[in-house]
Structure formats: C-alpha cells, structure tokens
$ cat upload-v7.cif   # mmCIF, C-alpha atoms
data_protein
loop_
_atom_site.group_PDB
_atom_site.id
_atom_site.type_symbol
_atom_site.label_atom_id
_atom_site.label_comp_id
_atom_site.auth_asym_id
_atom_site.auth_seq_id
_atom_site.Cartn_x
_atom_site.Cartn_y
_atom_site.Cartn_z
ATOM 1 C CA MET D 1248 -13.117 -1.374 17.393
ATOM 2 C CA ILE D 1249 -10.081 -3.652 17.428
ATOM 3 C CA THR D 1250 -9.691 -3.746 13.643
ATOM 4 C CA ARG D 1251 -9.485 0.038 13.376
ATOM 5 C CA LYS D 1252 -6.702 0.130 15.981
ATOM 6 C CA ASN D 1253 -4.804 -2.711 14.296
ATOM 7 C CA PRO D 1254 -5.815 -3.074 10.630
ATOM 8 C CA ARG D 1255 -3.599 -6.154 10.233
ATOM 9 C CA THR D 1256 -5.839 -8.181 12.535
ATOM 10 C CA THR D 1257 -7.017 -11.326 10.719
ATOM 11 C CA ARG D 1258 -10.427 -12.944 10.896
ATOM 12 C CA GLY D 1259 -8.784 -15.923 12.586
ATOM 13 C CA ASP D 1260 -7.338 -13.647 15.282
ATOM 14 C CA LEU D 1261 -10.788 -12.201 15.930
ATOM 15 C CA VAL D 1262 -12.380 -15.678 16.092
ATOM 16 C CA ASN D 1263 -9.738 -16.805 18.583
ATOM 17 C CA ASP D 1264 -10.159 -13.683 20.729
ATOM 18 C CA LEU D 1265 -13.918 -14.156 20.834
ATOM 19 C CA GLN D 1266 -13.582 -17.860 21.642
ATOM 20 C CA ARG D 1267 -11.339 -17.006 24.604
ATOM 21 C CA ALA D 1268 -14.057 -14.603 25.741
ATOM 22 C CA GLY D 1269 -16.640 -17.401 25.507
ATOM 23 C CA THR D 1270 -18.341 -16.489 22.217
ATOM 24 C CA LYS D 1271 -18.311 -18.900 19.284
ATOM 25 C CA VAL D 1272 -18.388 -17.314 15.818
ATOM 26 C CA THR D 1273 -17.169 -18.248 12.355
ATOM 27 C CA LYS D 1274 -14.848 -16.354 10.012
ATOM 28 C CA ALA D 1275 -17.809 -15.722 7.715
ATOM 29 C CA THR D 1276 -19.712 -14.053 10.569
ATOM 30 C CA ILE D 1277 -16.708 -11.846 11.267
ATOM 31 C CA SER D 1278 -16.432 -10.878 7.577
ATOM 32 C CA ASN D 1279 -20.128 -10.055 7.292
ATOM 33 C CA THR D 1280 -20.105 -7.990 10.482
ATOM 34 C CA LEU D 1281 -17.019 -6.005 9.470
ATOM 35 C CA ARG D 1282 -18.479 -5.366 6.011
ATOM 36 C CA ARG D 1283 -21.694 -4.054 7.589
ATOM 37 C CA GLN D 1284 -19.550 -1.694 9.685
ATOM 38 C CA GLY D 1285 -18.033 -0.296 6.484
ATOM 39 C CA LEU D 1286 -14.691 -2.119 6.645
ATOM 40 C CA LYS D 1287 -13.348 -3.923 3.614
ATOM 41 C CA SER D 1288 -10.567 -6.448 3.283
ATOM 42 C CA CYS D 1289 -7.719 -6.070 0.862
ATOM 43 C CA SER D 1290 -4.446 -7.733 0.015
ATOM 44 C CA ALA D 1291 -1.256 -5.912 -0.836
ATOM 45 C CA ARG D 1292 -0.157 -6.260 -4.427
ATOM 46 C CA ARG D 1293 2.772 -8.607 -4.783
ATOM 47 C CA VAL D 1294 5.591 -7.102 -6.776
ATOM 48 C CA PRO D 1295 8.958 -8.605 -7.647
ATOM 49 C CA LEU D 1296 12.010 -7.380 -5.769
ATOM 50 C CA LEU D 1297 14.397 -5.159 -7.668
ATOM 51 C CA LYS D 1298 17.532 -6.732 -9.045
ATOM 52 C CA PRO D 1299 20.901 -5.235 -7.998
ATOM 53 C CA VAL D 1300 21.481 -3.406 -11.308
ATOM 54 C CA PRO D 1301 18.267 -1.309 -11.193
ATOM 55 C CA VAL D 1302 18.871 -0.593 -7.492
ATOM 56 C CA GLN D 1303 22.329 0.806 -8.309
ATOM 57 C CA ALA D 1304 20.914 2.814 -11.236
ATOM 58 C CA ARG D 1305 18.232 4.378 -9.010
ATOM 59 C CA LEU D 1306 20.772 5.147 -6.315
ATOM 60 C CA LYS D 1307 23.118 6.761 -8.866
ATOM 61 C CA PHE D 1308 20.251 8.872 -10.251
ATOM 62 C CA ALA D 1309 19.209 9.946 -6.749
ATOM 63 C CA ARG D 1310 22.761 10.965 -5.828
ATOM 64 C CA GLU D 1311 23.226 12.927 -9.073
ATOM 65 C CA HIS D 1312 19.978 14.866 -8.536
ATOM 66 C CA LEU D 1313 20.188 15.304 -4.769
ATOM 67 C CA ASP D 1314 20.789 19.059 -4.962
ATOM 68 C CA ASP D 1315 18.328 19.830 -7.759
ATOM 69 C CA PRO D 1316 15.911 22.673 -6.923
ATOM 70 C CA GLU D 1317 12.364 21.723 -5.965
ATOM 71 C CA GLU D 1318 10.952 23.385 -9.097
ATOM 72 C CA ASP D 1319 12.760 20.832 -11.269
ATOM 73 C CA TRP D 1320 11.061 17.967 -9.425
ATOM 74 C CA GLU D 1321 7.628 19.548 -9.901
ATOM 75 C CA ASN D 1322 8.185 19.339 -13.660
ATOM 76 C CA VAL D 1323 9.282 15.702 -13.427
ATOM 77 C CA ILE D 1324 6.237 14.751 -11.387
ATOM 78 C CA TRP D 1325 3.954 16.557 -13.849
ATOM 79 C CA LEU D 1326 5.531 14.689 -16.783
ATOM 80 C CA MET D 1327 5.071 11.343 -15.013
ATOM 81 C CA VAL D 1328 1.386 12.082 -14.333
ATOM 82 C CA ALA D 1329 0.821 13.235 -17.917
ATOM 83 C CA LYS D 1330 2.516 10.111 -19.263
ATOM 84 C CA ARG D 1331 0.327 7.854 -17.086
ATOM 85 C CA ARG D 1332 -2.815 9.695 -18.190
ATOM 86 C CA HIS D 1333 -1.800 9.350 -21.818
ATOM 87 C CA SER D 1334 -1.190 5.606 -21.442
ATOM 88 C CA GLY D 1335 -4.591 5.162 -19.769
ATOM 89 C CA GLU D 1336 -3.282 4.191 -16.343
ATOM 90 C CA LEU D 1337 -5.128 7.065 -14.616
#
$ encode --input "upload-v7.cif" --output "structure tokens"
Amino acid sequence: MITRKNPRTTRGDLVNDLQRAGTKVTKATISNTLRRQGLKSCSARRVPLLKPVPVQARLKFAREHLDDPEEDWENVIWLMVAKRRHSGEL
C-alpha cells in the first residue's frame, strides 16, 4: 500500500494519482478507505522554537555532563519519569 511506504502521502496526492490512472474518487472516499484498512491520520504537534538563551544553556549542560557514567543518566531519567507521573502527565 502506498501510504505504508510513504506515510507523508496526502489524500490529495492519492486522489491525483488515481485520477491519472483513470479512477475518480474524493478525499472523503480515500479517508474512509484508509480508516477501514486500520490507518489513522494525525498531525504533528506544533511547538515553539527554542530561543538562543535556552539553546546555549542546554548545550552547556550537555558539554558539562558529556563524560558522566551511564548509571548517572539512569537516575536522571527515573527522576524525570517520576516527576511526570506525580504531575499527572503520565
């Protein structure tokens, strides 16, 4: 299926491809057919770009902790997960 090979294919692209092949369909028909095949559409969440100051702060932090042992990072990840669970995000 073309959408599994290229998940960024739009309904309009599919309509145009089918029209070139001699089949006339609507975007709604494409959506319904893909949904029946178990495919769902989604949009990426839009997030603001980082400002220069936070970028420099992250880079500084990364450079300072570049040689930290892996065990230290396991603790950091665990704390982040616990904090998210506590705040109700997970």
$ resolve_selection --input "upload-v7.cif" --expression "the PyMOL selection byres ((chain D and resi 1290) around 12)" --output "number ranges by chain"
D: 1254-1255, 1257, 1287-1289, 1291-1293
$ atom_distance --input "upload-v7.cif" --atom1 "atom CA of Val1302 of chain D" --atom2 "atom CA of Glu1318 of chain D"
25.3 Å
$ closest_atom_pairs --input "upload-v7.cif" --of "segment 1267-1286 of chain D" --to "segment 1258-1263 of chain D" --cutoff "8 Å" --atoms "only C-alpha atoms" --output "Markdown table"
| residue | atom | partner | partner_atom | distance |
| --- | --- | --- | --- | --- |
| D:Arg1267 | CA | D:Asn1263 | CA | 6.2 |
| D:Lys1271 | CA | D:Val1262 | CA | 7.5 |
| D:Val1272 | CA | D:Val1262 | CA | 6.2 |
| D:Thr1273 | CA | D:Val1262 | CA | 6.6 |
| D:Lys1274 | CA | D:Arg1258 | CA | 5.7 |
| D:Ile1277 | CA | D:Arg1258 | CA | 6.4 |
| D:Ser1278 | CA | D:Arg1258 | CA | 7.2 |
$ atom_distance --input "upload-v7.cif" --atom1 "atom CA of Trp1320 of chain D" --atom2 "atom CA of Arg1305 of chain D"
15.4 Å
$ axis_aligned_box --input "upload-v7.cif" --around "segment 1303-1318 of chain D" --padding-each-side "8 Å" --output "lines of an AutoDock Vina configuration file"
center_x = 17.1
center_y = 12.1
center_z = -8.0
size_x = 28.3
size_y = 38.6
size_z = 22.5
$ atom_distance --input "upload-v7.cif" --atom1 "atom CA of Trp1325 of chain D" --atom2 "atom CA of Leu1313 of chain D"
18.6 Å
